[in-house]
Amino acid sequence: MINNAYREVAVQTASQIKLVIMLYEGAIRFLRESVSAIQSKDLDRKRQTIDRAVAIVQHLQETLDVDRGGQVAADLNRLYTYITSRILDGSGKLDIASLEEAIKLLSTLLAGWEQAAEKEQERPVSANLVVQRTGTGGFAVHA
């Protein structure tokens, strides 16, 4: 119960980059649990963890901003499709190698997002930056 509350607060207060990092970490964690479940022949747990990993990868894919992301977004879209196919193939055939390939690809992408988060933290905040609460309960940033 406390863990869920902590996780909810962490998600609500995280930057966009941190949210993406959390999604990658979750997908990788669920795939590792899937590998463990296959090794221990716990097919119910394997199904649950595969379902969660696929849901995360599909969410990442569905939220790509192709208009603003251009070629990078298009490349990520193809990569997410490939990762999903490796996960489903590994799940169906109980093939750990396919799942490990998906883990490796997601880990590589995660490292890139972690570097982006580090760079985001290093940027100084402009003194001219003003944050205002909007009528919808959100915040508007004005320079």
# chains A, B, ... in the order shown; residues from 1 in each chain; ligands from 1
call {"tool": "select_by_dssp", "arguments": {"residues": "region 8-136 of chain A", "states": "strand (DSSP E or B)", "output": "MDAnalysis selection string"}}
result
chainID A and resid 130:133
call {"tool": "residues_around", "arguments": {"residues": "Arg32 (chain A)", "least_positions_apart": "5", "cutoff": "10 Å", "atoms": "only C-alpha atoms", "output": "VMD selection string"}}
result
chain A and resid 26 to 27 37 to 38 46 49 to 50 53 96 99 to 100 103
call {"tool": "residues_around", "arguments": {"residues": "Leu110 (chain A)", "least_positions_apart": "5", "cutoff": "9 Å", "atoms": "only C-alpha atoms", "output": "ChimeraX atom specification"}}
result
/A:20-21,24-25,105,115
call {"tool": "write_last_selection", "arguments": {"atoms": "C-alpha atoms", "output": "PDB file, in the first residue's frame"}}
result
ATOM      1  CA  VAL A  20      10.008   7.402 -20.077  1.00  0.00           C
ATOM      2  CA  ILE A  21      12.925   6.047 -18.040  1.00  0.00           C
ATOM      3  CA  TYR A  24      11.798   1.328 -19.805  1.00  0.00           C
ATOM      4  CA  GLU A  25      12.854   0.151 -16.348  1.00  0.00           C
ATOM      5  CA  LEU A 105      17.560  -3.442 -26.972  1.00  0.00           C
ATOM      6  CA  GLN A 115      21.953  10.433 -20.693  1.00  0.00           C
TER       7      GLN A 115
END
call {"tool": "closest_residue", "arguments": {"among": "A:Leu106, A:Leu94, A:Ala117, A:Val66", "to": "Phe30 (chain A)", "atoms": "only C-alpha atoms"}}
result
A:Leu106
call {"tool": "atom_distance", "arguments": {"atom1": "CA of Thr84 (chain A)", "atom2": "CA of Glu62 (chain A)"}}
result
12.6 Å
call {"tool": "closest_residue", "arguments": {"among": "A:Ile17, A:Val54, A:Val35, A:Ile87", "to": "Trp113 (chain A)", "atoms": "only C-alpha atoms"}}
result
A:Ile17
call {"tool": "atom_distance", "arguments": {"atom1": "CA of Ala102 (chain A)", "atom2": "CA of Leu31 (chain A)"}}
result
8.1 Å
call {"tool": "atom_distance", "arguments": {"atom1": "CA of Glu114 (chain A)", "atom2": "CA of Arg47 (chain A)"}}
result
28.8 Å
